[in-house]
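Here is the structure we will look at, set down as structure tokens.
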Amino acid sequence: MFVTGLCFVAVTALVKYLGDDMPAAQSAFLRYALGLVFLLPMLSSLRAVTFTRQSLTFFGLRGLLHALGVILWFYAMTQISLAEVTAMNYLSPIYITLGAALFLGEKLAMRRIIAVIMAFIGALIILRPGLREISPGHVAMIGTAILFAASYLMAKRMSGQVNASVVVGMLSITVTICLAPFAFAVWVAPSATQLFWLFWVAAFATAGHFSMTLAFAAAPVTLTQPVTFLQLVWAVILGAVVFGEGVDLFVVLGGVVIMSSVLFITWREAVLRRQARRAQAAE
């Protein structure tokens with residue numbers, strides 16, 4: 001998870017470095033198109049699957065939602081600081097909790113309600129509405145977190161039906177296809193330098209997802225989740241040292257509050273699962 005955090009912050013920093021010389025939709029499309037090379041090991045798994053019309057529609061809808069989220073994320077990177085993007089991205093697990101209750105029938109217990117309230121307080125600390133101007137970048141990050149949460153919930157639903165590599169592979173393919181019309185509508189000729197750095201964005205993103213998968217397989221989520229908070233530390237340092245962004249203590253405080261709510265949910269769910277296993281073993 002330590003390596004995962006470094007990889008994801010590297011993705012954020014490279015996108016920030018590229019700036020807004022290229023439209024957000026085109027940057028997002030090229031990142032996914034160049035990243036298709038990393039799908040080669042998954043081709044055998046994809047060929048072995050028999051897709052139904054329903055499953056293809058579901059994968060396509062997920063790809064569209066995720067593509068819109070990626071566009072908003074690329075846009076936000078050109079508008080607000082690295083720390084703000086990282087801190088507000090922590091809202092996704094909260095939206096996942098709400099979505100699981102609304103659409104997957106999961107119980108919204110009091111502990112989850114408290115954690116959701118804490119997270120939104122953290123978001124208000126970061127945004128400080130009425131005390132400063134809320135930029136389009138902040139609005140874009142809120143949309144990003146919601147769309148990524150929807151994408152995650154759809155992946156959770158599909159994970160019990162097909163192999164995990166198929167879920168990942170289909171996401172990359174469908175997002176690339178869905179981004180194409182948005183990219184071509186605003187297309188500008190990319191330079192070799194831009195293509196070089198976007199390839200590394202794809203490489204770091206793939207490496208981050210791979211190392212995260214290894215972490216989840218090696219240790220309980222309650223141990224791996226706290227390490228994700230280091231991403232905010234790296235983002236603050238990188239933003240200050242490399243991009244000359246001031247350290248906003250409200251952003252750090254808001255990020256701490258949001259992450260604390262996520263950790264609380266994760267810890268309580270783990271405790272309840274252990275209690276259920278013990279009760280089952282006793283029976």
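So you can find residues: chains in the structure tokens are A, B, ... in the order shown, residues in each start at 1, and ligands are numbered from 1 in order.
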
Query - Spatial neighbours of segment 72-86 of chain A, 8 Å, only C-alpha atoms, chain gap at least 3 places, as a PyMOL selection string - result: chain A and resi 12-13+15-16+19-20+24-25+27-28+68-69+89-90+126+135-138+140-141+143-144+231-232+235-236+238-239+245+251-252

I need the residues from that last selection saved to file as a PDB file, in the first residue's frame (with C-alpha atoms), if you can.
```pdb
ATOM      1  CA  THR A  12      -1.545  12.827 -10.105  1.00  0.00           C
ATOM      2  CA  ALA A  13       1.748  14.729 -10.329  1.00  0.00           C
ATOM      3  CA  VAL A  15      -1.176  14.895 -14.975  1.00  0.00           C
ATOM      4  CA  LYS A  16      -0.604  18.126 -13.050  1.00  0.00           C
ATOM      5  CA  GLY A  19      -1.303  21.000 -17.379  1.00  0.00           C
ATOM      6  CA  ASP A  20      -4.159  22.148 -19.595  1.00  0.00           C
ATOM      7  CA  ALA A  24      -8.975  16.868 -20.341  1.00  0.00           C
ATOM      8  CA  ALA A  25     -11.018  14.422 -22.440  1.00  0.00           C
ATOM      9  CA  SER A  27      -5.590  13.402 -22.038  1.00  0.00           C
ATOM     10  CA  ALA A  28      -7.869  10.847 -20.414  1.00  0.00           C
ATOM     11  CA  LEU A  68     -17.017  10.683 -17.289  1.00  0.00           C
ATOM     12  CA  GLY A  69     -15.358  10.470 -13.875  1.00  0.00           C
ATOM     13  CA  ASN A  89     -10.922  11.686  -3.633  1.00  0.00           C
ATOM     14  CA  TYR A  90     -11.274  10.114  -0.179  1.00  0.00           C
ATOM     15  CA  ILE A 126     -11.926  21.619   2.591  1.00  0.00           C
ATOM     16  CA  SER A 135     -13.980  26.603  -8.134  1.00  0.00           C
ATOM     17  CA  PRO A 136     -15.160  24.370 -11.004  1.00  0.00           C
ATOM     18  CA  GLY A 137     -12.286  22.054 -10.028  1.00  0.00           C
ATOM     19  CA  HIS A 138     -13.897  21.377  -6.636  1.00  0.00           C
ATOM     20  CA  ALA A 140     -15.483  18.345 -10.762  1.00  0.00           C
ATOM     21  CA  MET A 141     -13.871  16.369  -7.906  1.00  0.00           C
ATOM     22  CA  GLY A 143     -18.575  14.512  -9.479  1.00  0.00           C
ATOM     23  CA  THR A 144     -15.478  12.331  -9.869  1.00  0.00           C
ATOM     24  CA  GLN A 231      -1.094   9.813  -0.317  1.00  0.00           C
ATOM     25  CA  LEU A 232      -2.247  13.130   1.144  1.00  0.00           C
ATOM     26  CA  ALA A 235       0.562  15.219  -2.364  1.00  0.00           C
ATOM     27  CA  VAL A 236       1.081  18.121   0.078  1.00  0.00           C
ATOM     28  CA  LEU A 238       4.984  17.367  -3.832  1.00  0.00           C
ATOM     29  CA  GLY A 239       2.606  20.263  -4.393  1.00  0.00           C
ATOM     30  CA  GLU A 245       1.458  25.234  -4.002  1.00  0.00           C
ATOM     31  CA  VAL A 251      -7.347  20.848   3.271  1.00  0.00           C
ATOM     32  CA  VAL A 252      -5.128  18.654   5.457  1.00  0.00           C
TER      33      VAL A 252
END
```

Requested in this report: Could you find all residues in segment 19-223 of chain A that DSSP calls alpha helix (DSSP H) from the backbone, and write them as JSON, numbers by chain?
Outcome: {"A": [24, 25, 26, 27, 28, 29, 30, 31, 32, 33, 34, 35, 43, 44, 45, 46, 47, 53, 54, 55, 56, 57, 58, 59, 60, 61, 62, 63, 64, 65, 66, 67, 68, 69, 70, 71, 72, 73, 74, 75, 76, 77, 82, 83, 84, 85, 86, 87, 88, 89, 92, 93, 94, 95, 96, 97, 98, 99, 100, 101, 102, 103, 110, 111, 112, 113, 114, 115, 116, 117, 118, 119, 120, 121, 122, 123, 124, 125, 126, 127, 136, 137, 138, 139, 140, 141, 142, 143, 144, 145, 146, 147, 148, 149, 150, 151, 152, 153, 154, 155, 156, 157, 158, 159, 164, 165, 166, 167, 168, 169, 170, 171, 172, 173, 174, 175, 176, 177, 178, 179, 180, 181, 182, 183, 184, 185, 192, 193, 194, 195, 196, 197, 198, 199, 200, 201, 202, 203, 204, 205, 206, 207, 208, 209, 210, 211, 212, 213, 214, 215, 216, 217, 218, 221, 222, 223]}

Report task. Can you work out which one of A:Thr4, A:Met110, A:Val271, A:Ala87 has the shortest atom-to-atom distance to Val233 of chain A, counting only C-alpha atoms? Result -> A:Ala87

Query raised in the report: Could you work out how far atom CA of Ala100 of chain A lies from atom CA of Phe51 of chain A, giving the answer in Å with one decimal?
Result: 25.2 Å

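Counting only C-alpha atoms, Ala10 of chain A has the following residues at most 9 Å away, ignoring those fewer than 6 positions along the same chain: Val201, Phe204 and Ala205 of chain A.
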
Those residues with C-alpha atoms, as a CSV table (one decimal), in the first residue's frame please?
```csv
chain,number,residue,atom,x,y,z
A,201,VAL,CA,0.7,7.9,-16.3
A,204,PHE,CA,2.1,4.1,-12.8
A,205,ALA,CA,-1.7,3.7,-12.6
```

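All residues of protein, DNA or RNA that reach within 8 Å of segment 151-160 of chain A, judged by only C-alpha atoms and not counting those fewer than 2 positions away in the chain, are Arg62, Gly63, Leu65, His66, Ile96, Gly99, Ala100, Leu147, Phe148, Ala149, Val162, Asn163, Ala164 and Val167 of chain A.
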
Query - Point-to-point distance from atom CA of Leu253 of chain A to atom CA of Phe120 of chain A, Å rounded to tenths - result: 12.7 Å

Give me the residues near Pro181 of chain A as a PDB file with N, CA and C atoms, in the first residue's frame, where near means some atom within 12 Å (using only C-alpha atoms) and where sequence neighbours in that chain fewer than 2 positions away do not count.
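After the write, around.pdb holds the following:
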```pdb
ATOM      1  N   ALA A  25     -10.470  15.639 -21.829  1.00  0.00           N
ATOM      2  CA  ALA A  25     -11.018  14.422 -22.440  1.00  0.00           C
ATOM      3  C   ALA A  25      -9.970  13.708 -23.291  1.00  0.00           C
ATOM      4  N   GLN A  26      -9.153  14.473 -24.010  1.00  0.00           N
ATOM      5  CA  GLN A  26      -8.120  13.869 -24.849  1.00  0.00           C
ATOM      6  C   GLN A  26      -7.016  13.254 -23.997  1.00  0.00           C
ATOM      7  N   ALA A  28      -7.326  12.061 -21.007  1.00  0.00           N
ATOM      8  CA  ALA A  28      -7.869  10.847 -20.414  1.00  0.00           C
ATOM      9  C   ALA A  28      -7.912   9.707 -21.430  1.00  0.00           C
ATOM     10  N   PHE A  29      -8.336  10.005 -22.657  1.00  0.00           N
ATOM     11  CA  PHE A  29      -8.408   8.978 -23.701  1.00  0.00           C
ATOM     12  C   PHE A  29      -7.026   8.406 -24.001  1.00  0.00           C
ATOM     13  N   LEU A  64     -18.911   3.930 -19.337  1.00  0.00           N
ATOM     14  CA  LEU A  64     -19.321   5.312 -19.585  1.00  0.00           C
ATOM     15  C   LEU A  64     -19.246   6.147 -18.315  1.00  0.00           C
ATOM     16  N   ALA A  67     -15.658   6.690 -17.440  1.00  0.00           N
ATOM     17  CA  ALA A  67     -15.040   7.623 -18.386  1.00  0.00           C
ATOM     18  C   ALA A  67     -15.364   9.068 -18.034  1.00  0.00           C
ATOM     19  N   LEU A  68     -16.620   9.331 -17.688  1.00  0.00           N
ATOM     20  CA  LEU A  68     -17.017  10.683 -17.289  1.00  0.00           C
ATOM     21  C   LEU A  68     -16.272  11.110 -16.022  1.00  0.00           C
ATOM     22  N   VAL A 175     -13.804   1.993 -21.174  1.00  0.00           N
ATOM     23  CA  VAL A 175     -13.488   3.402 -20.890  1.00  0.00           C
ATOM     24  C   VAL A 175     -12.789   4.031 -22.091  1.00  0.00           C
ATOM     25  N   THR A 176     -11.876   3.295 -22.711  1.00  0.00           N
ATOM     26  CA  THR A 176     -11.180   3.803 -23.901  1.00  0.00           C
ATOM     27  C   THR A 176     -12.176   4.108 -25.015  1.00  0.00           C
ATOM     28  N   ILE A 177     -13.123   3.188 -25.239  1.00  0.00           N
ATOM     29  CA  ILE A 177     -14.129   3.382 -26.292  1.00  0.00           C
ATOM     30  C   ILE A 177     -15.028   4.575 -25.964  1.00  0.00           C
ATOM     31  N   CYS A 178     -15.463   4.676 -24.705  1.00  0.00           N
ATOM     32  CA  CYS A 178     -16.381   5.758 -24.318  1.00  0.00           C
ATOM     33  C   CYS A 178     -15.690   7.122 -24.341  1.00  0.00           C
ATOM     34  N   LEU A 179     -14.386   7.147 -24.078  1.00  0.00           N
ATOM     35  CA  LEU A 179     -13.655   8.416 -24.091  1.00  0.00           C
ATOM     36  C   LEU A 179     -13.380   8.906 -25.506  1.00  0.00           C
ATOM     37  N   ALA A 183     -12.867  12.755 -26.828  1.00  0.00           N
ATOM     38  CA  ALA A 183     -11.509  13.185 -27.173  1.00  0.00           C
ATOM     39  C   ALA A 183     -11.450  13.752 -28.594  1.00  0.00           C
ATOM     40  N   PHE A 184     -12.067  13.057 -29.531  1.00  0.00           N
ATOM     41  CA  PHE A 184     -12.000  13.495 -30.934  1.00  0.00           C
ATOM     42  C   PHE A 184     -12.754  14.799 -31.161  1.00  0.00           C
ATOM     43  N   ALA A 185     -13.737  15.095 -30.285  1.00  0.00           N
ATOM     44  CA  ALA A 185     -14.489  16.346 -30.419  1.00  0.00           C
ATOM     45  C   ALA A 185     -13.629  17.565 -30.094  1.00  0.00           C
ATOM     46  N   VAL A 186     -12.584  17.364 -29.294  1.00  0.00           N
ATOM     47  CA  VAL A 186     -11.728  18.499 -28.893  1.00  0.00           C
ATOM     48  C   VAL A 186     -10.262  18.241 -29.271  1.00  0.00           C
ATOM     49  N   TRP A 187     -10.019  17.361 -30.224  1.00  0.00           N
ATOM     50  CA  TRP A 187      -8.673  16.855 -30.508  1.00  0.00           C
ATOM     51  C   TRP A 187      -7.703  17.952 -30.944  1.00  0.00           C
TER      52      TRP A 187
END
```

Query raised in the report: If you count only C-alpha atoms, which residues fall within 9 Å of Leu230 of chain A, apart from same-chain ones fewer than 5 positions away, as number ranges by chain?
Result: A: 2, 5-6, 235

I need the chosen residues saved as a short mmCIF file (atom, residue, chain, number, x, y, z; two decimals), in the first residue's frame, with C-alpha atoms.
```cif
data_model
loop_
_atom_site.label_atom_id
_atom_site.label_comp_id
_atom_site.auth_asym_id
_atom_site.auth_seq_id
_atom_site.Cartn_x
_atom_site.Cartn_y
_atom_site.Cartn_z
CA PHE A 2 3.01 2.28 0.56
CA GLY A 5 0.29 5.49 -2.64
CA LEU A 6 3.51 6.56 -4.34
CA ALA A 235 0.56 15.22 -2.36
#
```

Report task. Write out as a VMD selection string each polymer residue whose atoms come within 9 Å of Leu46 of chain A, counting only C-alpha atoms; drop sequence neighbours fewer than 5 positions from it. Result -> chain A and resid 165 to 166 169 to 170

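What separates atom CA of Ser92 of chain A from atom CA of Ala145 of chain A is a distance of 4.6 Å.
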
Requested in this report: Pick out the closest residue to Gly208 of chain A from this set: A:Met259, A:Leu249, A:Val11, A:Val37. Count only C-alpha atoms.
Outcome: A:Val11
